[in-house]
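Novice: Below is structure24.tsv; it holds TSV, C-alpha atoms and all ligand atoms.
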```
chain	number	residue	atom	x	y	z
A	1487	MET	CA	90.06	77.45	98.86
A	1488	ALA	CA	93.09	79.08	100.57
A	1489	GLN	CA	92.54	81.34	103.58
A	1490	HIS	CA	94.85	84.22	104.49
A	1491	GLY	CA	94.83	86.57	107.45
A	1492	SER	CA	96.47	89.97	107.78
A	1493	ASP	CA	96.08	93.31	109.48
A	1494	LEU	CA	95.73	95.12	106.16
A	1495	THR	CA	94.70	93.85	102.74
A	1496	ILE	CA	96.05	95.95	99.88
A	1497	ILE	CA	94.25	95.63	96.56
A	1498	GLY	CA	96.56	96.59	93.70
A	1499	ALA	CA	100.35	96.13	93.69
A	1500	GLY	CA	101.20	99.17	91.60
A	1501	PRO	CA	103.56	101.83	93.01
A	1502	SER	CA	100.92	103.05	95.50
A	1503	GLY	CA	100.14	99.52	96.74
A	1504	LEU	CA	103.81	98.60	97.06
A	1505	TYR	CA	104.53	101.74	99.05
A	1506	ALA	CA	101.46	101.04	101.22
A	1507	ALA	CA	102.94	97.59	101.94
A	1508	TYR	CA	106.22	99.18	103.01
A	1509	TYR	CA	104.47	101.70	105.23
A	1510	ALA	CA	102.19	99.11	106.79
A	1511	GLY	CA	105.25	97.04	107.65
A	1512	PHE	CA	106.91	100.08	109.18
A	1513	ARG	CA	103.78	100.47	111.34
A	1514	GLY	CA	104.07	96.81	112.43
A	1515	LEU	CA	101.10	95.69	110.35
A	1516	SER	CA	101.06	92.47	108.35
A	1517	THR	CA	99.82	92.74	104.75
A	1518	VAL	CA	98.42	90.71	101.90
A	1519	LEU	CA	98.81	92.35	98.48
A	1520	ILE	CA	96.37	91.24	95.77
A	1521	ASP	CA	96.87	91.98	92.08
A	1522	SER	CA	95.26	90.63	88.95
A	1523	LEU	CA	98.52	90.98	86.99
A	1524	PRO	CA	101.24	88.32	87.19
A	1525	GLU	CA	103.89	90.86	88.31
A	1526	PRO	CA	103.86	93.74	90.78
A	1527	GLY	CA	104.29	97.29	89.45
A	1528	GLY	CA	100.88	98.21	88.02
A	1529	GLN	CA	100.89	100.53	85.01
A	1530	VAL	CA	104.62	101.18	85.34
A	1531	ALA	CA	105.67	97.54	84.98
A	1532	ALA	CA	102.99	96.59	82.47
A	1533	LEU	CA	102.86	99.62	80.22
A	1534	TYR	CA	106.21	101.40	80.32
A	1535	PRO	CA	108.90	99.37	82.10
A	1536	GLU	CA	111.69	100.67	79.83
A	1537	LYS	CA	110.77	104.34	79.88
A	1538	LEU	CA	112.59	106.88	81.97
A	1539	ILE	CA	110.55	108.65	84.65
A	1540	PHE	CA	111.79	112.11	85.60
A	1541	ASP	CA	109.41	113.26	88.32
A	1542	VAL	CA	109.85	110.86	91.22
A	1543	ALA	CA	111.53	112.63	94.13
A	1544	GLY	CA	115.10	111.55	94.71
A	1545	PHE	CA	115.51	110.08	91.22
A	1546	PRO	CA	116.53	112.62	88.55
A	1547	ALA	CA	115.68	109.84	86.08
A	1548	VAL	CA	114.67	106.26	86.76
A	1549	ARG	CA	113.66	103.43	84.44
A	1550	GLY	CA	110.09	102.24	85.15
A	1551	GLN	CA	111.12	98.68	85.96
A	1552	GLU	CA	113.92	99.88	88.22
A	1553	LEU	CA	111.52	102.02	90.23
A	1554	VAL	CA	109.23	99.01	90.63
A	1555	GLU	CA	112.13	96.82	91.73
A	1556	ARG	CA	113.14	99.41	94.33
A	1557	CYS	CA	109.55	99.59	95.64
A	1558	VAL	CA	109.36	95.78	95.84
A	1559	GLU	CA	112.70	95.70	97.68
A	1560	GLN	CA	111.57	98.39	100.12
A	1561	ALA	CA	108.32	96.54	100.88
A	1562	ALA	CA	110.16	93.19	101.15
A	1563	GLN	CA	111.75	94.31	104.44
A	1564	TYR	CA	108.39	93.52	106.04
A	1565	ASP	CA	107.59	90.37	104.06
A	1566	PRO	CA	104.18	91.07	102.53
A	1567	THR	CA	102.21	88.11	101.17
A	1568	TYR	CA	101.55	88.49	97.43
A	1569	LEU	CA	98.47	87.02	95.79
A	1570	LEU	CA	99.29	87.76	92.15
A	1571	ASN	CA	97.13	86.65	89.21
A	1572	ASN	CA	94.19	87.21	91.56
A	1573	ARG	CA	91.44	89.71	90.92
A	1574	ALA	CA	89.70	90.87	94.10
A	1575	GLU	CA	86.02	90.19	93.44
A	1576	ARG	CA	84.09	90.64	96.68
A	1577	LEU	CA	84.47	92.78	99.77
A	1578	GLU	CA	82.34	92.04	102.78
A	1579	THR	CA	82.29	93.74	106.18
A	1580	LEU	CA	81.81	91.05	108.83
A	1581	ASP	CA	79.75	91.48	112.03
A	1582	ASP	CA	82.86	92.29	114.10
A	1583	GLY	CA	83.85	95.10	111.68
A	1584	THR	CA	86.66	93.13	110.01
A	1585	PHE	CA	86.75	92.40	106.30
A	1586	GLU	CA	86.63	89.39	104.04
A	1587	ILE	CA	87.88	89.65	100.48
A	1588	ARG	CA	87.45	86.92	97.88
A	1589	THR	CA	89.39	86.66	94.66
A	1590	HIS	CA	88.27	85.17	91.36
A	1591	ARG	CA	90.49	82.17	92.06
A	1592	GLY	CA	88.80	81.41	95.37
A	1593	GLU	CA	91.43	82.86	97.72
A	1594	VAL	CA	89.89	84.34	100.87
A	1595	VAL	CA	91.63	87.07	102.85
A	1596	HIS	CA	90.53	88.30	106.28
A	1597	SER	CA	91.83	91.61	107.59
A	1598	LYS	CA	91.14	94.43	110.00
A	1599	ALA	CA	91.38	97.16	107.36
A	1600	VAL	CA	91.59	97.44	103.58
A	1601	SER	CA	93.54	99.77	101.32
A	1602	ILE	CA	92.45	99.95	97.69
A	1603	THR	CA	95.23	100.98	95.33
A	1604	GLY	CA	93.58	99.67	92.18
A	1605	GLY	CA	94.71	102.53	89.91
A	1606	ILE	CA	92.75	102.53	86.69
A	1607	GLY	CA	91.53	99.01	87.38
A	1608	THR	CA	92.57	95.95	85.48
A	1609	PHE	CA	93.82	96.91	82.05
A	1610	SER	CA	94.56	95.37	78.68
A	1611	PRO	CA	95.93	96.86	75.46
A	1612	ARG	CA	93.50	98.00	72.78
A	1613	PRO	CA	93.98	95.40	70.06
A	1614	MET	CA	94.95	96.26	66.51
A	1615	PRO	CA	92.04	95.31	64.21
A	1616	ASP	CA	92.51	92.21	62.00
A	1617	ALA	CA	96.04	91.62	63.28
A	1618	GLU	CA	95.56	88.81	65.79
A	1619	GLU	CA	97.54	86.27	63.74
A	1620	TYR	CA	100.65	88.48	64.03
A	1621	GLU	CA	100.47	88.95	67.81
A	1622	GLY	CA	103.72	87.63	69.26
A	1623	ARG	CA	105.02	87.13	65.68
A	1624	GLY	CA	106.35	90.63	65.21
A	1625	LEU	CA	103.36	92.57	66.53
A	1626	VAL	CA	103.58	93.71	70.15
A	1627	TYR	CA	101.56	96.06	72.33
A	1628	PHE	CA	104.28	96.78	74.90
A	1629	VAL	CA	108.05	96.73	74.70
A	1630	ARG	CA	109.28	94.97	77.81
A	1631	GLU	CA	112.93	95.08	76.72
A	1632	LEU	CA	114.27	97.56	74.19
A	1633	ASP	CA	116.80	95.00	73.05
A	1634	THR	CA	114.06	92.90	71.43
A	1635	MET	CA	113.91	95.69	68.82
A	1636	ARG	CA	117.64	95.71	68.11
A	1637	ASP	CA	118.47	95.94	64.37
A	1638	GLN	CA	114.78	95.62	63.45
A	1639	ASP	CA	112.74	97.73	61.04
A	1640	VAL	CA	110.12	99.01	63.43
A	1641	LEU	CA	106.71	100.48	62.66
A	1642	ILE	CA	105.06	102.29	65.54
A	1643	VAL	CA	101.33	102.98	65.32
A	1644	GLY	CA	99.80	105.65	67.54
A	1645	GLY	CA	99.94	109.30	68.52
A	1646	GLY	CA	100.11	109.26	72.32
A	1647	ASP	CA	103.00	109.45	74.77
A	1648	SER	CA	103.75	105.74	74.50
A	1649	ALA	CA	104.06	105.80	70.70
A	1650	VAL	CA	106.29	108.88	70.67
A	1651	ASP	CA	108.42	107.72	73.61
A	1652	TRP	CA	109.03	104.29	72.07
A	1653	ALA	CA	110.08	105.97	68.84
A	1654	LEU	CA	112.57	108.19	70.68
A	1655	ASN	CA	113.84	105.40	72.92
A	1656	LEU	CA	114.50	103.10	69.98
A	1657	GLU	CA	116.75	105.51	68.11
A	1658	GLY	CA	120.17	103.92	67.86
A	1659	ILE	CA	118.75	100.49	68.69
A	1660	ALA	CA	116.34	99.74	65.84
A	1661	ARG	CA	117.64	99.72	62.26
A	1662	SER	CA	114.81	101.96	61.10
A	1663	ILE	CA	111.83	103.53	62.83
A	1664	THR	CA	108.63	104.73	61.19
A	1665	LEU	CA	105.81	106.20	63.22
A	1666	ILE	CA	102.34	106.49	61.70
A	1667	HIS	CA	99.44	108.38	63.21
A	1668	ARG	CA	95.95	108.77	61.80
A	1669	ARG	CA	95.82	112.47	62.66
A	1670	ASP	CA	98.38	115.28	62.48
A	1671	ARG	CA	97.95	116.24	66.16
A	1672	PHE	CA	99.73	114.17	68.76
A	1673	ARG	CA	98.38	113.53	72.25
A	1674	ALA	CA	101.98	113.20	73.44
A	1675	HIS	CA	103.93	115.73	75.49
A	1676	GLU	CA	104.77	118.79	73.38
A	1677	ASP	CA	108.48	118.55	74.03
A	1678	SER	CA	108.53	114.87	73.01
A	1679	VAL	CA	106.78	115.72	69.73
A	1680	LYS	CA	109.40	118.40	69.03
A	1681	ARG	CA	112.15	115.87	69.69
A	1682	LEU	CA	110.37	113.36	67.45
A	1683	TYR	CA	110.37	115.72	64.48
A	1684	ALA	CA	114.04	116.53	65.12
A	1685	SER	CA	114.97	112.83	65.27
A	1686	SER	CA	115.75	110.27	62.57
A	1687	VAL	CA	112.29	108.72	62.93
A	1688	ARG	CA	110.17	108.83	59.79
A	1689	VAL	CA	106.86	110.39	60.85
A	1690	MET	CA	103.79	109.82	58.64
A	1691	VAL	CA	100.65	111.66	59.71
A	1692	PHE	CA	97.11	111.01	58.46
A	1693	THR	CA	98.37	107.48	57.90
A	1694	GLU	CA	96.85	104.14	58.88
A	1695	VAL	CA	97.59	100.44	58.46
A	1696	ALA	CA	95.82	98.84	55.49
A	1697	HIS	CA	97.15	95.35	56.08
A	1698	ILE	CA	100.07	93.38	57.39
A	1699	MET	CA	101.91	90.88	55.23
A	1700	GLY	CA	104.31	88.04	56.03
A	1701	GLU	CA	104.45	84.24	56.12
A	1702	ASP	CA	106.41	83.53	59.30
A	1703	GLY	CA	105.67	86.83	60.97
A	1704	VAL	CA	105.53	90.50	60.08
A	1705	GLU	CA	107.50	91.23	56.89
A	1706	LYS	CA	105.72	94.17	55.25
A	1707	VAL	CA	102.92	96.56	56.06
A	1708	GLU	CA	100.80	98.43	53.57
A	1709	VAL	CA	99.86	101.86	54.89
A	1710	PHE	CA	97.52	104.44	53.39
A	1711	ASP	CA	97.06	108.18	53.63
A	1712	ASN	CA	93.53	108.65	54.96
A	1713	LYS	CA	93.12	111.95	53.06
A	1714	SER	CA	94.46	111.00	49.61
A	1715	ASP	CA	94.25	107.18	49.86
A	1716	GLU	CA	97.82	107.07	48.55
A	1717	ARG	CA	99.39	103.73	49.52
A	1718	GLU	CA	102.89	102.59	50.37
A	1719	VAL	CA	104.33	99.22	51.33
A	1720	LEU	CA	106.87	99.46	54.15
A	1721	LYS	CA	109.47	96.82	54.89
A	1722	VAL	CA	108.86	96.12	58.56
A	1723	SER	CA	109.90	93.32	60.92
A	1724	ARG	CA	108.30	94.62	64.14
A	1725	ILE	CA	105.10	96.56	64.79
A	1726	ILE	CA	104.48	98.32	68.08
A	1727	ALA	CA	100.75	99.05	68.31
A	1728	ALA	CA	100.49	101.81	70.91
A	1729	LEU	CA	96.77	102.32	70.58
A	1730	GLY	CA	96.04	102.87	74.24
A	1731	PHE	CA	94.43	100.41	76.58
A	1732	ASN	CA	91.06	99.46	77.96
A	1733	ALA	CA	90.79	99.84	81.69
A	1734	ASP	CA	87.99	98.47	83.82
A	1735	LEU	CA	87.35	98.76	87.55
A	1736	GLY	CA	85.27	95.60	87.17
A	1737	PRO	CA	84.16	94.14	90.49
A	1738	LEU	CA	85.16	97.23	92.52
A	1739	LYS	CA	82.14	99.04	91.05
A	1740	ALA	CA	79.81	96.87	93.13
A	1741	TRP	CA	81.57	97.53	96.44
A	1742	GLU	CA	79.36	100.46	97.54
A	1743	LEU	CA	82.22	102.94	97.59
A	1744	GLY	CA	80.33	105.73	95.84
A	1745	ILE	CA	82.51	105.35	92.73
A	1746	GLU	CA	82.02	108.15	90.25
A	1747	LYS	CA	83.66	108.30	86.85
A	1748	ARG	CA	85.85	105.32	87.77
A	1749	HIS	CA	87.26	106.96	90.91
A	1750	ILE	CA	86.70	106.44	94.61
A	1751	PRO	CA	85.97	109.56	96.67
A	1752	VAL	CA	88.07	109.76	99.84
A	1753	ASP	CA	88.31	112.14	102.79
A	1754	THR	CA	91.52	113.75	104.02
A	1755	ARG	CA	92.48	110.50	105.78
A	1756	MET	CA	92.09	108.67	102.44
A	1757	GLU	CA	89.17	106.79	103.94
A	1758	THR	CA	86.29	105.86	101.67
A	1759	VAL	CA	82.62	106.00	102.61
A	1760	ARG	CA	83.07	102.51	104.10
A	1761	ALA	CA	84.74	102.78	107.51
A	1762	GLY	CA	88.03	100.89	107.57
A	1763	VAL	CA	88.31	100.85	103.77
A	1764	PHE	CA	90.99	103.28	102.61
A	1765	ALA	CA	92.21	104.11	99.10
A	1766	ALA	CA	95.28	105.71	97.53
A	1767	GLY	CA	96.85	106.45	94.16
A	1768	ASP	CA	95.25	106.92	90.76
A	1769	ILE	CA	91.95	105.45	91.92
A	1770	THR	CA	91.10	108.18	94.47
A	1771	ASP	CA	89.29	111.41	93.82
A	1772	TYR	CA	88.86	114.74	95.57
A	1773	VAL	CA	88.99	118.38	94.53
A	1774	GLY	CA	92.41	119.15	93.09
A	1775	LYS	CA	93.48	115.51	92.67
A	1776	VAL	CA	96.65	114.96	90.59
A	1777	ARG	CA	97.30	111.46	89.23
A	1778	LEU	CA	101.04	110.92	89.55
A	1779	ILE	CA	103.28	108.30	91.13
A	1780	SER	CA	104.57	110.79	93.70
A	1781	VAL	CA	101.03	111.70	94.77
A	1782	GLY	CA	100.15	108.00	95.10
A	1783	PHE	CA	103.14	107.50	97.41
A	1784	GLY	CA	101.97	110.33	99.67
A	1785	GLU	CA	98.39	109.11	99.71
A	1786	ALA	CA	99.52	105.55	100.50
A	1787	ALA	CA	101.39	106.84	103.57
A	1788	THR	CA	98.31	108.80	104.69
A	1789	ALA	CA	95.97	105.86	104.07
A	1790	VAL	CA	98.12	103.35	105.95
A	1791	ASN	CA	98.82	105.59	108.94
A	1792	ASN	CA	95.10	106.24	109.32
A	1793	ALA	CA	94.34	102.54	108.80
A	1794	ALA	CA	96.74	101.87	111.70
A	1795	VAL	CA	94.50	104.03	113.90
A	1796	HIS	CA	91.38	102.28	112.61
A	1797	ILE	CA	92.96	98.95	113.59
A	1798	ASP	CA	94.17	100.23	116.97
A	1799	PRO	CA	92.32	103.37	118.08
A	1800	GLY	CA	95.02	103.92	120.72
A	1801	ALA	CA	97.69	104.30	118.02
A	1802	LYS	CA	98.92	107.66	116.75
A	1803	VAL	CA	98.41	108.73	113.12
A	1804	PHE	CA	101.96	110.07	112.93
A	1805	PRO	CA	104.25	107.07	112.56
A	1806	GLY	CA	107.41	108.67	113.89
A	1807	HIS	CA	110.41	109.16	111.67
A	1808	SER	CA	111.92	106.21	109.85
A	1809	SER	CA	115.48	107.53	110.06
A	1810	GLY	CA	117.48	105.52	112.55
B	1	LIG	C1	102.57	105.62	79.44
B	1	LIG	C2	102.47	106.20	80.81
B	1	LIG	C3	103.48	107.00	81.28
B	1	LIG	C4	103.41	107.55	82.58
B	1	LIG	N1	104.42	108.34	83.03
B	1	LIG	C5	104.39	108.84	84.28
B	1	LIG	C6	105.44	109.68	84.79
B	1	LIG	O1	106.41	109.97	84.08
B	1	LIG	N2	105.35	110.13	86.08
B	1	LIG	C7	104.27	109.84	86.89
B	1	LIG	O2	104.25	110.26	88.05
B	1	LIG	N3	103.26	109.07	86.43
B	1	LIG	C8	103.28	108.57	85.16
B	1	LIG	N4	102.25	107.80	84.71
B	1	LIG	C9	101.11	107.55	85.62
B	1	LIG	C10	101.50	106.49	86.67
B	1	LIG	O3	101.89	105.28	86.01
B	1	LIG	C11	100.33	106.25	87.61
B	1	LIG	O4	100.02	107.46	88.28
B	1	LIG	C12	100.68	105.16	88.62
B	1	LIG	O5	100.97	103.93	88.00
B	1	LIG	C13	99.53	104.98	89.61
B	1	LIG	O6	99.90	103.98	90.51
B	1	LIG	P1	98.80	103.15	91.32
B	1	LIG	O7	99.56	102.19	92.13
B	1	LIG	O8	97.86	104.10	91.97
B	1	LIG	O9	97.95	102.40	90.18
B	1	LIG	P2	98.37	101.38	89.04
B	1	LIG	O10	99.77	101.56	88.62
B	1	LIG	O11	97.30	101.50	88.01
B	1	LIG	O12	98.28	99.96	89.73
B	1	LIG	C14	97.01	99.45	90.11
B	1	LIG	C15	97.10	97.96	90.20
B	1	LIG	O13	95.85	97.49	90.74
B	1	LIG	C16	95.51	96.28	90.10
B	1	LIG	N5	94.06	96.05	90.25
B	1	LIG	C17	93.05	96.87	89.88
B	1	LIG	N6	91.86	96.33	90.22
B	1	LIG	C18	92.14	95.14	90.82
B	1	LIG	C19	91.35	94.11	91.39
B	1	LIG	N7	90.01	94.18	91.44
B	1	LIG	N8	91.97	93.03	91.91
B	1	LIG	C20	93.33	92.92	91.89
B	1	LIG	N9	94.12	93.86	91.36
B	1	LIG	C21	93.54	94.96	90.84
B	1	LIG	C22	95.96	96.48	88.66
B	1	LIG	O14	96.20	95.22	88.03
B	1	LIG	C23	97.27	97.26	88.86
B	1	LIG	O15	98.39	96.43	88.91
B	1	LIG	C24	102.29	107.26	83.42
B	1	LIG	C25	101.26	106.43	82.95
B	1	LIG	C26	101.35	105.89	81.66
B	1	LIG	C27	100.24	104.99	81.18
```
So, in terms of structure tokens, how does the structure I just supplied come out?
Ligand SMILES: Cc1cc2nc3c(=O)[nH]c(=O)nc-3n(C[C@H](O)[C@H](O)[C@H](O)COP(=O)(O)OP(=O)(O)OC[C@H]3O[C@@H](n4cnc5c(N)ncnc54)[C@H](O)[C@@H]3O)c2cc1C
Specialist:
Amino acid sequence: MAQHGSDLTIIGAGPSGLYAAYYAGFRGLSTVLIDSLPEPGGQVAALYPEKLIFDVAGFPAVRGQELVERCVEQAAQYDPTYLLNNRAERLETLDDGTFEIRTHRGEVVHSKAVSITGGIGTFSPRPMPDAEEYEGRGLVYFVRELDTMRDQDVLIVGGGDSAVDWALNLEGIARSITLIHRRDRFRAHEDSVKRLYASSVRVMVFTEVAHIMGEDGVEKVEVFDNKSDEREVLKVSRIIAALGFNADLGPLKAWELGIEKRHIPVDTRMETVRAGVFAAGDITDYVGKVRLISVGFGEAATAVNNAAVHIDPGAKVFPGHSSG
């Protein structure tokens, strides 16, 4: 069992957690960052690394993975300790008011304060029914690199932002793109849907997968119209199943944080009902909450600066300006 000590333990290395690590370092606090995923970056790195993000201040457009890399680089100035592939399982307040966190792999972290930036919890893609044998053999749930789709005949399944964005992003890269959706209404951004219909992507609504065919991987897919039952066999070499994902707060639910509807209520200091336990990013809740990367950054700064005062009551909340 490995033991770690830090001023602040950060649970979740998504954008909010990474920015919290930077800010803690700026305040002179040492940090341990725990994440159940093998890479930092949370939803951005795992779900949409290749997509362009347009609403992060200072970046008119930034690729998801690039934003994550910048956040990691910014935090790295203060050398945080990463415990990746570790799910935080237990949080205990010790007699002296400090905290002990245990992960599912037996790592133990002691700290003076905690910041929970667990987002939507640990998440995994919703699997495509009866398609397991094709996973990794043409069927993928995320596109980590657009180039893996180069010159392929791609079938995208889904009607949300991910499905529509992949379709648009793959124009000019894939040889052909077909998008099927079981309804005629898309959950994607209106403007993206407009662009989809104006693009070269073949869009088939009220359409579902009947079955996948292929010896060494995906070769063909039979699809059917769920209104008329009309069938068509498509020549396809890659399937992107963008069916959404299952998210689970898992162990955090037992941490007596007053979690409601998968969110942690916080006060204006981003402190939870447990003194010394702060939260930031998608996981927090209060009246008027907006779940965006930029909001998570702001909340992380508030959480960490107030954690600094929890750790040293003589410290000021305002950190001073970072500009030299
Ligand atoms: C397809 C898509 C497109 C999006 N586009 C935009 C956009 O254009 N602009 C925008 O602002 N936002 C966008 N978002 C939302 C944005 O990604 C989130 O607001 C942001 O990722 C929240 O960051 P976070 O750090 O709070 O949480 P997350 O990114 O969810 O990171 C939380 C991390 O905590 C980890 N974790 C959870 N529980 C535990 C545990 N018990 N132990 C260890 N680790 C744990 C998870 O593994 C995860 O890595 C988009 C989201 C999606 C899905």
Novice: Sorted by chain and rising residue number, which residues of chain A lie within 7 Å of ligand LIG 1 (chain B), and what are their closest atom pairs and distances in Å to one decimal, counting only C-alpha atoms and all ligand atoms, as a tab-separated table?
Specialist:
```
residue	atom	partner	partner_atom	distance
A:Ile1497	CA	B:LIG1	C20	5.5
A:Gly1498	CA	B:LIG1	O13	3.2
A:Ala1499	CA	B:LIG1	C15	5.1
A:Gly1500	CA	B:LIG1	O7	3.5
A:Pro1501	CA	B:LIG1	O7	4.1
A:Ser1502	CA	B:LIG1	O7	3.7
A:Gly1503	CA	B:LIG1	O7	5.4
A:Ile1520	CA	B:LIG1	C20	5.2
A:Asp1521	CA	B:LIG1	N9	3.4
A:Ser1522	CA	B:LIG1	N9	4.2
A:Leu1523	CA	B:LIG1	O14	4.9
A:Pro1526	CA	B:LIG1	O15	6.4
A:Gly1527	CA	B:LIG1	O15	6.0
A:Gly1528	CA	B:LIG1	O15	3.2
A:Gln1529	CA	B:LIG1	O10	3.9
A:Val1530	CA	B:LIG1	O3	5.0
A:Leu1533	CA	B:LIG1	C27	6.1
A:Tyr1534	CA	B:LIG1	C1	5.6
A:Ile1539	CA	B:LIG1	O1	4.4
A:Phe1540	CA	B:LIG1	O1	6.0
A:Asp1541	CA	B:LIG1	N2	5.6
A:Val1542	CA	B:LIG1	O2	6.5
A:Asn1572	CA	B:LIG1	C20	5.8
A:Arg1573	CA	B:LIG1	N8	3.5
A:Ala1574	CA	B:LIG1	N8	3.8
A:Glu1575	CA	B:LIG1	N7	6.0
A:Thr1603	CA	B:LIG1	O8	5.3
A:Gly1604	CA	B:LIG1	O13	3.5
A:Gly1605	CA	B:LIG1	O9	3.3
A:Ile1606	CA	B:LIG1	O11	4.8
A:Gly1607	CA	B:LIG1	C17	3.6
A:Thr1608	CA	B:LIG1	O14	4.5
A:Phe1609	CA	B:LIG1	O14	6.7
A:Asp1647	CA	B:LIG1	C1	6.1
A:Ser1648	CA	B:LIG1	C1	5.1
A:Leu1735	CA	B:LIG1	N6	5.8
A:Gly1736	CA	B:LIG1	N7	6.5
A:Pro1737	CA	B:LIG1	N7	5.9
A:Leu1738	CA	B:LIG1	N7	5.8
A:Ala1766	CA	B:LIG1	O8	6.3
A:Gly1767	CA	B:LIG1	O8	3.4
A:Asp1768	CA	B:LIG1	O8	4.0
A:Ile1769	CA	B:LIG1	O8	6.1
A:Arg1777	CA	B:LIG1	O4	4.9
A:Leu1778	CA	B:LIG1	O2	3.6
A:Ile1779	CA	B:LIG1	O2	3.8
A:Ser1780	CA	B:LIG1	O2	5.7
A:Gly1782	CA	B:LIG1	O8	5.5
```
Novice: Could you give me, as a ChimeraX atom specification, the residues within 12 Å of Arg1717 (chain A), counting all atoms listed in the file and dropping anything in the same chain fewer than 3 positions from it?
Specialist: /A:1690,1692-1697,1707-1714,1720
Novice: Hey, what's within 7 Å of Tyr1505 (chain A) if we count only C-alpha atoms and toss same-chain stuff fewer than 3 positions away? As a PyMOL selection string, please?
Specialist: chain A and resi 1501-1502+1508-1509+1557+1561+1783+1786
Novice: When distances are computed from all atoms listed in the file, which of A:Pro1613, A:Gly1762, A:Pro1546, A:Gly1491 shows the smallest separation from Gly1583 (chain A)?
Specialist: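 Closest candidate: A:Gly1762.
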Novice: By how many Å are CA of Asp1493 (chain A) and CA of Val1776 (chain A) apart?
Specialist: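 Interatomic distance, CA of Asp1493 (chain A) to CA of Val1776 (chain A): 28.7 Å.
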Novice: May I ask which of the residues A:Lys1802, A:Lys1706, A:His1667, A:Arg1591 is the closest one to Ala1727 (chain A), counting all atoms listed in the file?
Specialist: A:His1667
Novice: Contacts between region 1616-1627 of chain A and region 1649-1715 of chain A, please, where a residue of region 1649-1715 of chain A counts if it comes within 8 Å (with all atoms listed in the file); show its shortest atom pair and distance in Å to one decimal, rows by chain and ascending number, as a Markdown table.
Specialist:
```
| residue | atom | partner | partner_atom | distance |
| --- | --- | --- | --- | --- |
| A:Ile1698 | CA | A:Ala1617 | CA | 7.4 |
| A:Asp1702 | CA | A:Arg1623 | CA | 7.5 |
| A:Gly1703 | CA | A:Arg1623 | CA | 4.8 |
| A:Val1704 | CA | A:Gly1624 | CA | 5.2 |
```
Novice: Out of A:Leu1570, A:Ile1797, A:Val1790, A:Ala1599, which residue has the shortest atom-to-atom distance to Val1763 (chain A) when counting only C-alpha atoms?
Specialist: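 Residue with the minimum atom-to-atom distance to Val1763 (chain A): A:Ala1599.
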Novice: Calculate, to one decimal in Å, the centre and edge lengths of the box along x, y and z of the file that holds all listed atoms of region 1766-1783 of chain A with 3 Å of margin on each side, and present them as AutoDock Vina command-line options.
Specialist:
```
--center_x 96.7 --center_y 112.3 --center_z 93.4 --size_x 21.7 --size_y 19.7 --size_z 14.3
```
Novice: Counting only C-alpha atoms, which of A:Leu1656, A:Ala1507, A:Val1719, A:Leu1729 gets nearest to Ser1685 (chain A)?
Specialist: A:Leu1656
